[in-house]
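Asks: Next up, model-v6.cif (mmCIF, C-alpha atoms (C1' of nucleotides)).
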data_structure
loop_
_atom_site.label_atom_id
_atom_site.label_comp_id
_atom_site.auth_asym_id
_atom_site.auth_seq_id
_atom_site.Cartn_x
_atom_site.Cartn_y
_atom_site.Cartn_z
CA MET A 1287 123.81 110.99 -28.92
CA SER A 1288 121.34 109.77 -26.29
CA PRO A 1289 120.68 112.51 -23.81
CA GLY A 1290 120.90 112.42 -20.10
CA GLY A 1291 123.58 109.80 -19.54
CA HIS A 1292 123.54 109.02 -15.88
CA GLY A 1293 120.56 111.01 -14.79
CA VAL A 1294 119.96 114.02 -12.62
CA PRO A 1295 121.16 113.95 -9.00
CA SER A 1296 118.34 113.19 -6.65
CA VAL A 1297 116.55 116.18 -5.25
CA ARG A 1298 117.48 116.73 -1.66
CA GLY A 1299 114.92 119.27 -0.50
CA GLY A 1300 111.40 118.53 0.56
CA VAL A 1301 109.95 120.37 -2.43
CA THR A 1302 110.71 119.45 -5.99
CA PRO A 1303 111.65 122.60 -7.82
CA PRO A 1304 110.44 123.02 -11.39
CA ALA A 1305 112.85 121.82 -14.05
CA ALA A 1306 114.07 125.31 -14.82
CA GLU A 1307 115.18 125.81 -11.25
CA ARG A 1308 117.17 122.67 -10.73
CA PRO A 1309 120.92 123.03 -10.73
CA MET A 1310 122.47 121.70 -13.86
CA ARG A 1311 125.84 120.95 -15.30
CA ILE A 1312 127.38 122.58 -18.29
CA GLY A 1313 126.04 120.04 -20.75
CA GLN A 1314 122.44 120.55 -19.72
CA LEU A 1315 122.76 124.30 -19.77
CA ALA A 1316 124.36 124.17 -23.18
CA GLU A 1317 121.73 121.90 -24.59
CA ARG A 1318 118.90 124.07 -23.35
CA LEU A 1319 120.22 127.06 -25.16
CA GLY A 1320 121.56 125.21 -28.14
CA VAL A 1321 125.13 126.27 -27.57
CA ASN A 1322 128.36 124.38 -27.34
CA PRO A 1323 129.58 123.71 -23.79
CA ARG A 1324 132.92 125.06 -24.94
CA THR A 1325 131.23 128.32 -25.72
CA ILE A 1326 129.97 128.58 -22.16
CA ARG A 1327 133.47 128.02 -20.83
CA TYR A 1328 134.67 130.61 -23.29
CA TYR A 1329 132.15 133.14 -21.99
CA GLU A 1330 133.32 132.40 -18.50
CA ARG A 1331 136.92 132.90 -19.55
CA ILE A 1332 136.18 136.33 -21.01
CA ALA A 1333 134.20 137.15 -17.88
CA LEU A 1334 130.77 137.35 -19.46
CA LEU A 1335 129.70 134.67 -17.04
CA PRO A 1336 130.83 134.56 -13.42
CA GLN A 1337 132.85 131.74 -11.95
CA PRO A 1338 130.18 129.12 -11.30
CA ASN A 1339 129.81 126.98 -8.23
CA ARG A 1340 131.44 123.60 -8.42
CA GLN A 1341 130.57 120.13 -7.31
CA PRO A 1342 133.19 118.41 -5.16
CA SER A 1343 134.30 116.72 -8.36
CA GLY A 1344 135.02 120.06 -9.96
CA TYR A 1345 132.03 119.96 -12.27
CA ARG A 1346 130.47 123.36 -12.90
CA VAL A 1347 126.99 123.79 -11.45
CA TYR A 1348 124.57 126.28 -12.92
CA ALA A 1349 121.27 127.66 -11.70
CA LYS A 1350 118.48 129.81 -13.06
CA ASP A 1351 120.53 132.98 -12.78
CA ASP A 1352 123.11 131.61 -15.14
CA LEU A 1353 120.45 130.43 -17.52
CA ASP A 1354 118.96 133.93 -17.54
CA ARG A 1355 122.28 135.58 -18.00
CA LEU A 1356 123.26 133.31 -20.85
CA THR A 1357 119.84 133.75 -22.41
CA PHE A 1358 120.32 137.49 -22.26
CA ILE A 1359 123.73 137.20 -23.89
CA ARG A 1360 122.29 135.29 -26.82
CA LEU A 1361 119.40 137.70 -27.06
CA ALA A 1362 121.71 140.68 -27.19
CA GLN A 1363 123.79 138.88 -29.78
CA ARG A 1364 120.69 138.47 -31.91
CA PHE A 1365 120.38 142.23 -31.80
CA GLY A 1366 123.83 142.45 -33.26
CA LEU A 1367 125.64 143.50 -30.13
CA ARG A 1368 129.18 142.34 -29.82
CA LEU A 1369 130.40 140.38 -26.86
CA ASP A 1370 132.45 143.24 -25.52
CA ALA A 1371 129.41 145.52 -25.57
CA ILE A 1372 127.35 142.81 -23.92
CA GLY A 1373 130.06 142.55 -21.32
CA GLU A 1374 129.75 146.27 -20.59
CA ILE A 1375 126.00 145.97 -20.21
CA LEU A 1376 126.34 143.05 -17.87
CA ALA A 1377 128.99 144.83 -15.85
CA LEU A 1378 126.75 147.89 -15.48
CA ARG A 1379 123.95 145.64 -14.37
CA ASP A 1380 126.21 143.85 -11.94
CA ARG A 1381 127.08 147.21 -10.40
CA GLY A 1382 123.39 147.92 -10.00
CA GLU A 1383 123.21 150.54 -12.72
CA ARG A 1384 120.59 150.60 -15.38
CA PRO A 1385 122.30 149.83 -18.65
CA CYS A 1386 119.52 150.99 -20.95
CA GLU A 1387 121.22 154.29 -21.80
CA TYR A 1388 124.39 152.43 -22.62
CA VAL A 1389 122.45 149.91 -24.64
CA LEU A 1390 120.76 152.71 -26.53
CA SER A 1391 123.96 154.37 -27.53
CA THR A 1392 125.43 151.04 -28.49
CA VAL A 1393 122.38 150.28 -30.55
CA ARG A 1394 122.55 153.66 -32.27
CA HIS A 1395 126.15 153.03 -33.20
CA GLU A 1396 125.26 149.59 -34.35
CA LEU A 1397 122.51 151.02 -36.53
CA ASP A 1398 124.90 153.46 -38.17
CA ASP A 1399 127.26 150.63 -38.79
CA VAL A 1400 124.59 148.42 -40.28
CA ASP A 1401 123.50 151.24 -42.58
CA ARG A 1402 127.05 151.72 -43.72
CA ARG A 1403 127.53 148.03 -44.37
CA ILE A 1404 124.27 147.81 -46.28
CA ALA A 1405 125.28 150.76 -48.45
CA GLU A 1406 128.63 149.15 -49.19
CA LEU A 1407 127.02 145.89 -50.07
CA GLU A 1408 124.49 147.61 -52.33
CA THR A 1409 127.37 149.17 -54.23
CA VAL A 1410 129.08 145.85 -54.58
CA ARG A 1411 125.80 144.30 -55.61
CA THR A 1412 125.28 146.85 -58.35
CA GLN A 1413 128.74 146.17 -59.66
CA LEU A 1414 128.24 142.44 -59.62
CA VAL A 1415 124.94 142.66 -61.44
CA ALA A 1416 126.46 144.95 -64.04
CA LEU A 1417 129.22 142.42 -64.43
CA LEU A 1418 126.78 139.59 -65.08
CA VAL A 1419 124.74 141.68 -67.49
CA HIS A 1420 127.88 142.58 -69.33
CA ALA A 1421 128.89 138.92 -69.42
CA ASP A 1422 125.62 138.07 -71.15
CA THR A 1423 126.19 140.58 -73.93
CA LEU A 1424 129.77 139.44 -74.26
CA ALA A 1425 129.69 136.32 -76.37
CA SER A 1426 133.25 135.12 -75.96
CA GLY A 1427 136.71 136.29 -76.87
CA ASP A 1428 139.07 137.35 -74.21
CA GLY A 1429 141.46 140.04 -75.20
CA GLY A 1430 142.01 141.36 -71.71
CA ARG A 1431 145.21 141.10 -69.85
CA TYR A 1432 143.82 139.08 -66.94
CA CYS A 1433 140.11 138.94 -67.35
CA GLU A 1434 138.31 141.05 -69.88
CA LEU A 1435 135.19 140.91 -67.84
CA LEU A 1436 136.55 142.60 -64.79
CA GLU A 1437 138.81 144.97 -66.58
CA HIS A 1438 136.18 146.17 -68.99
CA GLN A 1439 133.86 146.82 -66.08
CA ASP A 1440 136.56 148.83 -64.44
CA ASN A 1441 136.82 151.07 -67.49
CA GLU A 1442 133.07 151.63 -67.55
CA GLU A 1443 133.17 152.94 -64.03
CA LYS A 1444 135.65 155.74 -64.62
CA MET B 1121 157.77 161.30 -45.11
CA SER B 1122 159.73 162.86 -47.96
CA PRO B 1123 159.50 160.64 -51.00
CA GLY B 1124 162.22 159.28 -53.19
CA GLY B 1125 165.08 158.99 -50.73
CA HIS B 1126 168.16 158.32 -52.75
CA GLY B 1127 166.69 158.54 -56.21
CA VAL B 1128 166.08 156.13 -59.02
CA PRO B 1129 169.01 154.06 -60.34
CA SER B 1130 170.42 155.54 -63.51
CA VAL B 1131 168.95 154.22 -66.68
CA ARG B 1132 171.34 151.89 -68.41
CA GLY B 1133 169.81 151.44 -71.85
CA GLY B 1134 170.03 153.92 -74.69
CA VAL B 1135 166.30 154.62 -74.55
CA THR B 1136 164.61 156.06 -71.51
CA PRO B 1137 161.53 153.94 -70.83
CA PRO B 1138 158.42 155.68 -69.65
CA ALA B 1139 158.04 155.89 -65.91
CA ALA B 1140 155.56 153.05 -65.78
CA GLU B 1141 158.04 150.68 -67.37
CA ARG B 1142 161.03 151.33 -65.19
CA PRO B 1143 161.90 148.68 -62.68
CA MET B 1144 161.03 149.70 -59.19
CA ARG B 1145 161.47 148.56 -55.67
CA ILE B 1146 158.80 147.51 -53.28
CA GLY B 1147 158.32 150.97 -51.82
CA GLN B 1148 157.66 152.60 -55.16
CA LEU B 1149 155.28 149.85 -56.21
CA ALA B 1150 153.46 150.13 -52.93
CA GLU B 1151 153.16 153.87 -53.13
CA ARG B 1152 151.78 153.79 -56.64
CA LEU B 1153 148.96 151.55 -55.63
CA GLY B 1154 148.48 152.97 -52.21
CA VAL B 1155 149.23 149.76 -50.39
CA ASN B 1156 151.57 148.86 -47.61
CA PRO B 1157 154.86 147.28 -48.73
CA ARG B 1158 154.20 144.61 -46.15
CA THR B 1159 151.01 143.78 -47.96
CA ILE B 1160 152.95 143.15 -51.14
CA ARG B 1161 155.28 140.77 -49.34
CA TYR B 1162 152.22 139.14 -47.85
CA TYR B 1163 150.74 138.61 -51.30
CA GLU B 1164 154.02 137.08 -52.38
CA ARG B 1165 154.00 134.81 -49.38
CA ILE B 1166 150.54 133.50 -50.18
CA ALA B 1167 151.61 133.10 -53.81
CA LEU B 1168 149.37 135.75 -55.32
CA LEU B 1169 152.50 137.39 -56.64
CA PRO B 1170 155.43 135.44 -58.07
CA GLN B 1171 158.87 135.52 -56.58
CA PRO B 1172 160.26 138.78 -57.93
CA ASN B 1173 163.69 139.37 -59.35
CA ARG B 1174 166.22 140.66 -56.91
CA GLN B 1175 169.01 143.18 -57.01
CA PRO B 1176 172.39 141.85 -55.88
CA SER B 1177 171.59 143.44 -52.54
CA GLY B 1178 168.51 141.28 -52.22
CA TYR B 1179 166.06 144.10 -52.84
CA ARG B 1180 162.97 143.05 -54.74
CA VAL B 1181 162.69 144.48 -58.23
CA TYR B 1182 159.32 144.90 -59.88
CA ALA B 1183 158.32 145.69 -63.43
CA LYS B 1184 155.16 146.52 -65.30
CA ASP B 1185 153.91 142.96 -65.16
CA ASP B 1186 153.89 143.06 -61.41
CA LEU B 1187 152.21 146.42 -61.38
CA ASP B 1188 149.49 145.03 -63.65
CA ARG B 1189 149.07 141.92 -61.59
CA LEU B 1190 148.83 143.84 -58.38
CA THR B 1191 146.44 146.32 -59.95
CA PHE B 1192 144.27 143.43 -61.03
CA ILE B 1193 144.32 142.00 -57.53
CA ARG B 1194 143.08 145.26 -56.04
CA LEU B 1195 140.49 145.58 -58.79
CA ALA B 1196 139.16 142.12 -58.13
CA GLN B 1197 139.11 142.90 -54.44
CA ARG B 1198 136.97 145.95 -55.15
CA PHE B 1199 134.52 143.57 -56.79
CA GLY B 1200 134.36 141.69 -53.54
CA LEU B 1201 136.40 138.70 -54.58
CA ARG B 1202 138.39 137.08 -51.85
CA LEU B 1203 142.09 136.57 -52.11
CA ASP B 1204 141.78 132.84 -52.52
CA ALA B 1205 139.38 133.29 -55.43
CA ILE B 1206 141.71 135.86 -56.93
CA GLY B 1207 144.51 133.37 -56.54
CA GLU B 1208 142.53 130.80 -58.51
CA ILE B 1209 141.89 133.29 -61.27
CA LEU B 1210 145.54 134.21 -61.43
CA ALA B 1211 146.58 130.58 -61.44
CA LEU B 1212 144.21 129.81 -64.33
CA ARG B 1213 145.61 132.76 -66.17
CA ASP B 1214 149.16 131.64 -65.46
CA ARG B 1215 148.33 128.27 -66.97
CA GLY B 1216 147.10 130.04 -70.09
CA GLU B 1217 143.42 129.36 -69.48
CA ARG B 1218 140.75 132.00 -69.71
CA PRO B 1219 139.39 132.57 -66.24
CA CYS B 1220 136.23 134.41 -67.21
CA GLU B 1221 133.99 131.41 -66.67
CA TYR B 1222 135.53 130.87 -63.30
CA VAL B 1223 135.19 134.53 -62.51
CA LEU B 1224 131.56 134.44 -63.51
CA SER B 1225 130.69 131.58 -61.26
CA THR B 1226 132.61 133.19 -58.43
CA VAL B 1227 130.78 136.42 -59.02
CA ARG B 1228 127.43 134.66 -59.03
CA HIS B 1229 128.22 133.05 -55.71
CA GLU B 1230 129.42 136.37 -54.40
CA LEU B 1231 126.16 137.95 -55.49
CA ASP B 1232 124.13 135.34 -53.67
CA ASP B 1233 126.24 135.93 -50.63
CA VAL B 1234 125.84 139.68 -50.81
CA ASP B 1235 122.10 139.31 -51.13
CA ARG B 1236 122.02 137.09 -48.12
CA ARG B 1237 124.10 139.49 -46.07
CA ILE B 1238 121.95 142.43 -47.08
CA ALA B 1239 118.82 140.57 -46.07
CA GLU B 1240 120.33 139.71 -42.71
CA LEU B 1241 121.38 143.27 -42.13
CA GLU B 1242 117.94 144.55 -43.09
CA THR B 1243 116.45 142.30 -40.47
CA VAL B 1244 118.86 143.53 -37.86
CA ARG B 1245 118.19 147.09 -38.97
CA THR B 1246 114.48 146.66 -38.54
CA GLN B 1247 115.01 145.33 -35.06
CA LEU B 1248 117.31 148.15 -34.12
CA VAL B 1249 114.94 150.79 -35.38
CA ALA B 1250 112.06 149.18 -33.53
CA LEU B 1251 114.24 149.23 -30.44
CA LEU B 1252 114.92 152.94 -30.76
CA VAL B 1253 111.28 153.71 -31.42
CA HIS B 1254 110.32 151.72 -28.38
CA ALA B 1255 112.93 153.57 -26.34
CA ASP B 1256 111.29 156.86 -27.25
CA THR B 1257 107.91 155.77 -26.03
CA LEU B 1258 109.45 154.34 -22.89
CA ALA B 1259 109.97 157.26 -20.53
CA SER B 1260 112.02 155.62 -17.82
CA GLY B 1261 111.63 152.92 -15.27
CA ASP B 1262 113.48 149.69 -15.60
CA GLY B 1263 111.71 146.67 -14.28
CA GLY B 1264 113.46 144.19 -16.55
CA ARG B 1265 115.84 141.60 -15.37
CA TYR B 1266 118.81 142.79 -17.43
CA CYS B 1267 117.57 145.46 -19.76
CA GLU B 1268 113.92 146.12 -20.19
CA LEU B 1269 114.55 147.53 -23.59
CA LEU B 1270 115.99 144.41 -25.12
CA GLU B 1271 113.82 142.01 -23.26
CA HIS B 1272 110.59 143.78 -24.06
CA GLN B 1273 111.55 143.81 -27.70
CA ASP B 1274 112.19 140.13 -27.54
CA ASN B 1275 108.67 139.54 -26.25
CA GLU B 1276 107.18 141.61 -29.05
CA GLU B 1277 108.82 139.39 -31.61
CA LYS B 1278 107.32 136.13 -30.47
"C1'" DC C 522 182.23 158.73 -41.54
"C1'" DT C 523 177.49 159.47 -40.13
"C1'" DT C 524 172.74 159.89 -40.99
"C1'" DG C 525 168.64 158.45 -42.68
"C1'" DA C 526 165.54 156.27 -45.84
"C1'" DC C 527 164.85 152.23 -47.55
"C1'" DC C 528 165.29 147.33 -47.78
"C1'" DT C 529 165.76 142.24 -45.83
"C1'" DT C 530 164.07 138.20 -42.82
"C1'" DC C 531 161.75 136.13 -38.93
"C1'" DT C 532 158.30 135.80 -35.73
"C1'" DA C 533 154.39 137.12 -33.58
"C1'" DC C 534 150.20 139.62 -33.18
"C1'" DC C 535 145.55 141.71 -34.47
"C1'" DT C 536 140.02 141.12 -34.79
"C1'" DA C 537 135.71 138.04 -33.32
"C1'" DA C 538 133.86 134.44 -31.62
"C1'" DG C 539 134.67 130.61 -30.87
"C1'" DT C 540 136.34 125.25 -31.99
"C1'" DG C 541 139.48 121.22 -31.62
"C1'" DG C 542 142.55 117.84 -29.58
"C1'" DA C 543 144.86 115.58 -25.85
"C1'" DA C 544 145.20 113.72 -21.42
"C1'" DG C 545 142.94 112.63 -17.59
"C1'" DG C 546 139.05 112.58 -13.76
"C1'" DT C 547 133.96 111.33 -12.46
"C1'" DG C 548 129.93 108.81 -12.12
"C1'" DT C 549 126.53 105.45 -13.25
"C1'" DA C 550 124.77 101.26 -15.79
"C1'" DG C 551 125.24 96.66 -16.90
"C1'" DC D 441 134.76 94.57 -13.43
"C1'" DT D 442 134.35 97.36 -17.96
"C1'" DA D 443 132.08 100.69 -20.86
"C1'" DC D 444 130.59 104.92 -21.69
"C1'" DA D 445 129.06 109.66 -21.40
"C1'" DC D 446 130.28 113.45 -19.38
"C1'" DC D 447 133.34 116.54 -17.12
"C1'" DT D 448 138.11 119.02 -16.26
"C1'" DT D 449 142.31 121.80 -17.92
"C1'" DC D 450 145.66 123.52 -21.19
"C1'" DC D 451 147.16 124.88 -25.53
"C1'" DA D 452 146.67 125.58 -30.26
"C1'" DC D 453 144.07 126.52 -34.26
"C1'" DT D 454 140.41 128.54 -37.24
"C1'" DT D 455 138.95 132.73 -40.90
"C1'" DA D 456 140.69 136.91 -43.72
"C1'" DG D 457 143.66 140.04 -44.59
"C1'" DG D 458 146.86 141.84 -43.17
"C1'" DT D 459 150.15 144.74 -39.42
"C1'" DA D 460 154.03 145.33 -36.01
"C1'" DG D 461 158.52 144.78 -33.95
"C1'" DA D 462 163.26 143.54 -33.94
"C1'" DA D 463 167.68 143.03 -35.77
"C1'" DG D 464 170.30 143.89 -39.36
"C1'" DG D 465 171.91 145.07 -44.52
"C1'" DT D 466 172.20 148.71 -48.51
"C1'" DC D 467 172.89 152.94 -50.53
"C1'" DA D 468 173.26 157.83 -51.55
"C1'" DA D 469 173.98 162.42 -49.64
"C1'" DG D 470 176.35 165.62 -46.70
#
Represent the supplied structure as structure tokens.
Replies:
Amino acid sequence: MSPGGHGVPSVRGGVTPPAAERPMRIGQLAERLGVNPRTIRYYERIALLPQPNRQPSGYRVYAKDDLDRLTFIRLAQRFGLRLDAIGEILALRDRGERPCEYVLSTVRHELDDVDRRIAELETVRTQLVALLVHADTLASGDGGRYCELLEHQDNEEK
Amino acid sequence: MSPGGHGVPSVRGGVTPPAAERPMRIGQLAERLGVNPRTIRYYERIALLPQPNRQPSGYRVYAKDDLDRLTFIRLAQRFGLRLDAIGEILALRDRGERPCEYVLSTVRHELDDVDRRIAELETVRTQLVALLVHADTLASGDGGRYCELLEHQDNEEK
DNA sequence: CTTGACCTTCTACCTAAGTGGAAGGTGTAG
DNA sequence: CTACACCTTCCACTTAGGTAGAAGGTCAAG
């Protein structure tokens, strides 16, 4: 649980870069962003993140660019974008194109989808509430085939 | 695509039962309820449906009971219950217990869950709308690192 | 007899976004 | 030296609810 283990490799250059700039290994990067190191490897596997540089030992080494990229991925996720869409955005960016138009259309689709899901859930919610209200007025006495509650409600709907 | 293939086996008894009562094979049962026959086998595999009787050929034979049970399963699904919860209800019923209390508590949990999901989606929706509004006011000119749109929005939130 | 619809089983695959275990290498502290 | 945290890879598994393919059996009609 104690962080840091065996410390950061000594800085070689004459200047000491700020903490954010220092190369880090997967554990440090993961901890900064509150993600699982496995998740970072997963992102690399699905090509959201590029193949990182490696230490002679094989350890992955990350720099500020990777931190930014990963930060952007999580940001876009918070906006509800899926990893494949994020991948498209990143690929556009990597090719030097401005992805905003793509992002916009993705976002518009996402909005439609969210509206649809909310509407569905509202319907379900209404049914559930009706079910509970009905349960209150229904003292006890189950004559239904499986569950009077559900089946009665079904009849009401028709 | 043409229905019925080689017809219904001749009725053996002296009385002709109504259509709903006649034994049927998986295809007929599936078609009546608008489900895939594979789905019915799947339900059997996960023990939502009992092992059905079989013709000497091995074909599954279903009767009204199965139709009712399957109808109930789809009904409960429409109420947002998950298959494992439906399985519990069915198992209670099979043991002769009244599942309404169980159903109620399941439904209450489901309601909480639905409310939570709606709230989440509303938040996402708000963000998406804000994003689109911002996009309108933003003529063009991308100075952001990955996507000005998303990153600007992120700054607004803090 | 052939055709064709329907049925059987088995196994594997799908989405989405990861997580888990196992076996083994690395690097520093005590 | 050992201990220990951290790293590597590979492969499999998770959730939920199914769907798809392959190889083969059944049954009625033409």
Asks: For the file shown, what are the residues hit by the PyMOL selection byres ((chain D) within 9 of (chain A)), laid out as a count of residues only?
Replies: 5
Asks: Report as number ranges by chain the full result of the PyMOL selection byres ((chain D and resi 470) around 12) when it is applied to this structure.
Replies: C: 522-525; D: 468-469
Asks: Under the PyMOL selection byres ((chain C and resi 530-544) around 9), which residues of this model are included? Write them out as a ChimeraX atom specification.
Replies: /A:1324-1325,1328,1368-1369 /C:529,545 /D:452-454,458-461
Asks: Report the distance between atom CA of B:Phe1192 and atom CA of B:Leu1231 in Å, rounded to one decimal place.
Replies: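 About the pair atom CA of B:Phe1192 and atom CA of B:Leu1231: they are 19.7 Å apart.
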Asks: At a cut-off of 8 Å, which residues of chain C touch chain B? Count only C-alpha atoms (C1' of nucleotides) and give the answer as a PyMOL selection string.
Replies: chain C and resi 526-529
Asks: For C-alpha atoms (C1' of nucleotides), I'd like the residues from the last selection saved as a PDB file, keeping the file's coordinate frame.
Replies:
ATOM      1  C1'  DA C 526     165.540 156.270 -45.840  1.00  0.00           C
ATOM      2  C1'  DC C 527     164.850 152.230 -47.550  1.00  0.00           C
ATOM      3  C1'  DC C 528     165.290 147.330 -47.780  1.00  0.00           C
ATOM      4  C1'  DT C 529     165.760 142.240 -45.830  1.00  0.00           C
TER       5       DT C 529
END
Asks: Using only C-alpha atoms, which of A:Tyr1329, A:Asp1398, A:Ser1391, A:Gln1314 sits nearest A:Arg1360?
Replies: A:Tyr1329
Asks: Pick out the closest residue to chain A from this set: B:Gly1200, B:Gly1154, B:Gly1207, B:Pro1172. Count all atoms listed in the file.
Replies: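 When distances to chain A are compared using all atoms listed in the file, the smallest one comes from B:Gly1200.
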Asks: So what do you get for atom CA of B:Glu1240 versus atom CA of A:Ile1404, distance-wise?
Replies: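 Spanning atom CA of B:Glu1240 to atom CA of A:Ile1404 is a straight-line distance of 9.7 Å.
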